Amino acid sequence: MRVALIGNMNNNFFSLMRYLRDAGVDAELLLFADEIDHFLPENDTWELDKWKPFIKQTKIHGGALGQYFKMSATDIRKEFDGYDYYIGCGFTPAYFHKAGMMLDLFTPYCVGIEYTYRITKTKAIHYLKEKIEAHYQIKGLKHNTKFVGTIDEESMVKAEKIGVKTRPLPMLMIYNKEQAKTEDDFLQATIQRFEQHYPVVFSHVSHFPKGSRTWQIKRNDILIKGFADFAKNSAMNPLLVLFSYGDAVEESKTLIHELGITDRVLWLPVMSRKKIMLLLEHVHFGGGEFGGAIWGGTGWEFMAKGVPFFQYVDMSDAAFEDSTGMQMPSFFNTNDSKRISTLLADYCISRETLQSKGESLQAWFNQEAGEDLANKYLCILKS
């Protein structure tokens, strides 16, 4: 059974590939030519040599519309031929439409399915480009895709409107069977800094300005305000860890200054997931997204490492189970800054209680988001 995993946004498919290969499946990762450096396999593993033979570099540019028209159907098929099953993300459906191939499973990485809606609000040329991308992406989904697998409600609705069948399927984002093997001086110094504080609240979510679609999902300000309230009313020595990642970092820094907690915040540079996963072994709370959507990569990473985290999912436990087929995990589900402050105070009292909370999240992850989830992907392929 040969399986091709096309594209590697957030290193999702590199994680899936490793689980599938562990299960005896001949799975290979096919990288787009324009993958973001941050999401290349070498940034998600300390054992790259072990997996290199199963990683292939294609000539396909996942987001380049000009190349889409230049490449012939034959050229595209040459890049993808030779597999029994295909799982793709990004612009894969559009390429499969042009090549006359069938995509067995599409897993969107954007809320509402990437390349099917307008993002740009400025130049007419950008608007035209996005309309053309949406045209071919929707054709690929409608005529060349068997299933869309997602737990994002907006993506499910969009897929159903297009006319493609959906399956409740989370993204398999984290390969949780590898231990860090680094002596990186910066990481070690950062860990030593963490050890001087309690609690350490860690948020590697990107920062975006008000008015943007992404900001509505992230809402970093909610966590910052909650932490500030806690820090001002606590006798402890807390630390908020944020990343210089996104278009509104300076806006977040301004808010932090206005709240008077600049000395309580540590800013870190953008770094690879393998490094983040090491740091997560030394933090006490995580901060996710607060716009109502089901957690993204940061949430999976917190649970994989057993870190209790704040996130807002605008869905009842029963609705979540109906939509995803999973029990709602026991994260702190809130978008209220005052509530975050209260939870920080309550759970810091007992490290044992906090540790138990983290262990329950990690147990949930191991059951729902690791090997068992990889098996769900296989079941859908075979259905």
# chains A, B, ... in the order shown; residues from 1 in each chain; ligands from 1
>>> residues_around(residues="Lys146 of chain A", least_positions_apart="3", cutoff="12 Å", atoms="only C-alpha atoms", output="list in words")
Tyr85, Tyr86, Ile87, Gly88, Pro93, Phe96, Met101, Met102, Leu103, Asp104, Leu105, Phe106, Thr107, Gly140, Leu141, Lys142, His143, Gly149, Ala159, Gly163, Val164, Lys165, Thr166, Arg167, Ile380, Leu381, Lys382 and Ser383 of chain A
>>> write_last_selection(atoms="C-alpha atoms", output="PDB file, in the first residue's frame")
ATOM      1  CA  TYR A  85      -3.684   6.539  -2.454  1.00  0.00           C
ATOM      2  CA  TYR A  86      -3.270  10.311  -2.306  1.00  0.00           C
ATOM      3  CA  ILE A  87      -3.776  12.711   0.597  1.00  0.00           C
ATOM      4  CA  GLY A  88      -3.276  16.402  -0.089  1.00  0.00           C
ATOM      5  CA  PRO A  93      -7.219  19.574  -5.592  1.00  0.00           C
ATOM      6  CA  PHE A  96      -5.377  16.967  -9.559  1.00  0.00           C
ATOM      7  CA  MET A 101      -6.288  12.408 -11.216  1.00  0.00           C
ATOM      8  CA  MET A 102      -8.362  11.524  -8.161  1.00  0.00           C
ATOM      9  CA  LEU A 103      -7.407  12.830  -4.711  1.00  0.00           C
ATOM     10  CA  ASP A 104      -8.562  10.354  -2.081  1.00  0.00           C
ATOM     11  CA  LEU A 105      -8.513  12.752   0.850  1.00  0.00           C
ATOM     12  CA  PHE A 106      -8.107  16.526   1.184  1.00  0.00           C
ATOM     13  CA  THR A 107      -7.352  18.000   4.607  1.00  0.00           C
ATOM     14  CA  GLY A 140     -10.761  20.062  -8.040  1.00  0.00           C
ATOM     15  CA  LEU A 141     -12.745  19.576  -4.854  1.00  0.00           C
ATOM     16  CA  LYS A 142     -16.009  18.944  -6.671  1.00  0.00           C
ATOM     17  CA  HIS A 143     -14.800  16.632  -9.418  1.00  0.00           C
ATOM     18  CA  GLY A 149     -11.459  15.477   6.202  1.00  0.00           C
ATOM     19  CA  ALA A 159     -17.250  21.390   1.299  1.00  0.00           C
ATOM     20  CA  GLY A 163     -20.666  19.009  -3.294  1.00  0.00           C
ATOM     21  CA  VAL A 164     -17.802  16.950  -1.878  1.00  0.00           C
ATOM     22  CA  LYS A 165     -18.336  14.450   0.933  1.00  0.00           C
ATOM     23  CA  THR A 166     -16.845  15.237   4.332  1.00  0.00           C
ATOM     24  CA  ARG A 167     -15.494  13.104   7.146  1.00  0.00           C
ATOM     25  CA  ILE A 380     -11.030   6.660   5.166  1.00  0.00           C
ATOM     26  CA  LEU A 381      -8.627   5.816   2.344  1.00  0.00           C
ATOM     27  CA  LYS A 382      -9.934   2.260   2.252  1.00  0.00           C
ATOM     28  CA  SER A 383     -13.623   3.218   2.465  1.00  0.00           C
TER      29      SER A 383
END
>>> residues_around(residues="segment 280-282 of chain A", least_positions_apart="4", cutoff="8 Å", atoms="only C-alpha atoms", output="count of residues only")
8
>>> select_by_dssp(residues="segment 180-277 of chain A", states="strand (DSSP E or B)", output="NGL selection string")
:A and (198 or 200-203 or 237 or 239-243 or 265-268)
>>> select_by_dssp(residues="segment 191-363 of chain A", states="helix (DSSP H, G or I)", output="MDAnalysis selection string")
chainID A and resid 191:194 213:218 220:232 249:259 262:264 273:282 297:304 317:324 337:348 351:363
>>> residues_around(residues="Tyr83 of chain A", least_positions_apart="2", cutoff="12 Å", atoms="only C-alpha atoms", output="list in words")
Met1, Arg2, Val3, Ala4, Leu5, Ile6, Val25, Asp26, Ala27, Glu28, Leu29, Leu30, Arg77, Lys78, Glu79, Phe80, Asp81, Tyr85, Tyr86, Ile87, Met101, Met102, Leu103 and Asp104 of chain A
>>> residues_around(residues="Gly288 of chain A", least_positions_apart="2", cutoff="8 Å", atoms="only C-alpha atoms", output="list in words")
Ser203, His204, Val205, Lys218, Gly286, Phe290, Trp295, Thr298, Gly299, Phe309, Phe310 and Gln311 of chain A
>>> write_last_selection(atoms="N, CA and C atoms", output="compact mmCIF listing (two decimals), in the first residue's frame")
# COMPACT_ATOMS: atom_id res chain seq x y z
N SER A 203 2.91 31.11 25.05
CA SER A 203 2.03 31.23 23.88
C SER A 203 2.85 31.46 22.63
N HIS A 204 2.88 30.48 21.75
CA HIS A 204 3.62 30.64 20.49
C HIS A 204 2.67 30.91 19.32
N VAL A 205 1.51 31.45 19.63
CA VAL A 205 0.54 31.86 18.62
C VAL A 205 1.02 33.13 17.93
N LYS A 218 -7.10 34.57 16.52
CA LYS A 218 -6.02 34.50 17.50
C LYS A 218 -6.36 35.22 18.81
N GLY A 286 -0.29 26.92 28.79
CA GLY A 286 -0.20 27.34 27.40
C GLY A 286 -1.31 28.31 27.06
N PHE A 290 -8.41 32.48 20.70
CA PHE A 290 -9.62 32.84 21.45
C PHE A 290 -10.75 33.36 20.58
N TRP A 295 -8.98 24.42 18.24
CA TRP A 295 -7.55 24.74 18.34
C TRP A 295 -6.78 24.34 17.09
N THR A 298 -0.95 24.98 17.81
CA THR A 298 -0.45 25.22 19.17
C THR A 298 -1.18 24.35 20.18
N GLY A 299 -2.49 24.21 20.02
CA GLY A 299 -3.25 23.38 20.95
C GLY A 299 -2.83 21.93 20.92
N PHE A 309 -3.83 24.29 28.87
CA PHE A 309 -3.80 25.51 28.06
C PHE A 309 -5.17 26.17 27.97
N PHE A 310 -5.13 27.49 27.71
CA PHE A 310 -6.32 28.31 27.53
C PHE A 310 -6.64 28.39 26.04
N GLN A 311 -7.90 28.21 25.72
CA GLN A 311 -8.36 28.24 24.33
C GLN A 311 -9.86 28.45 24.37
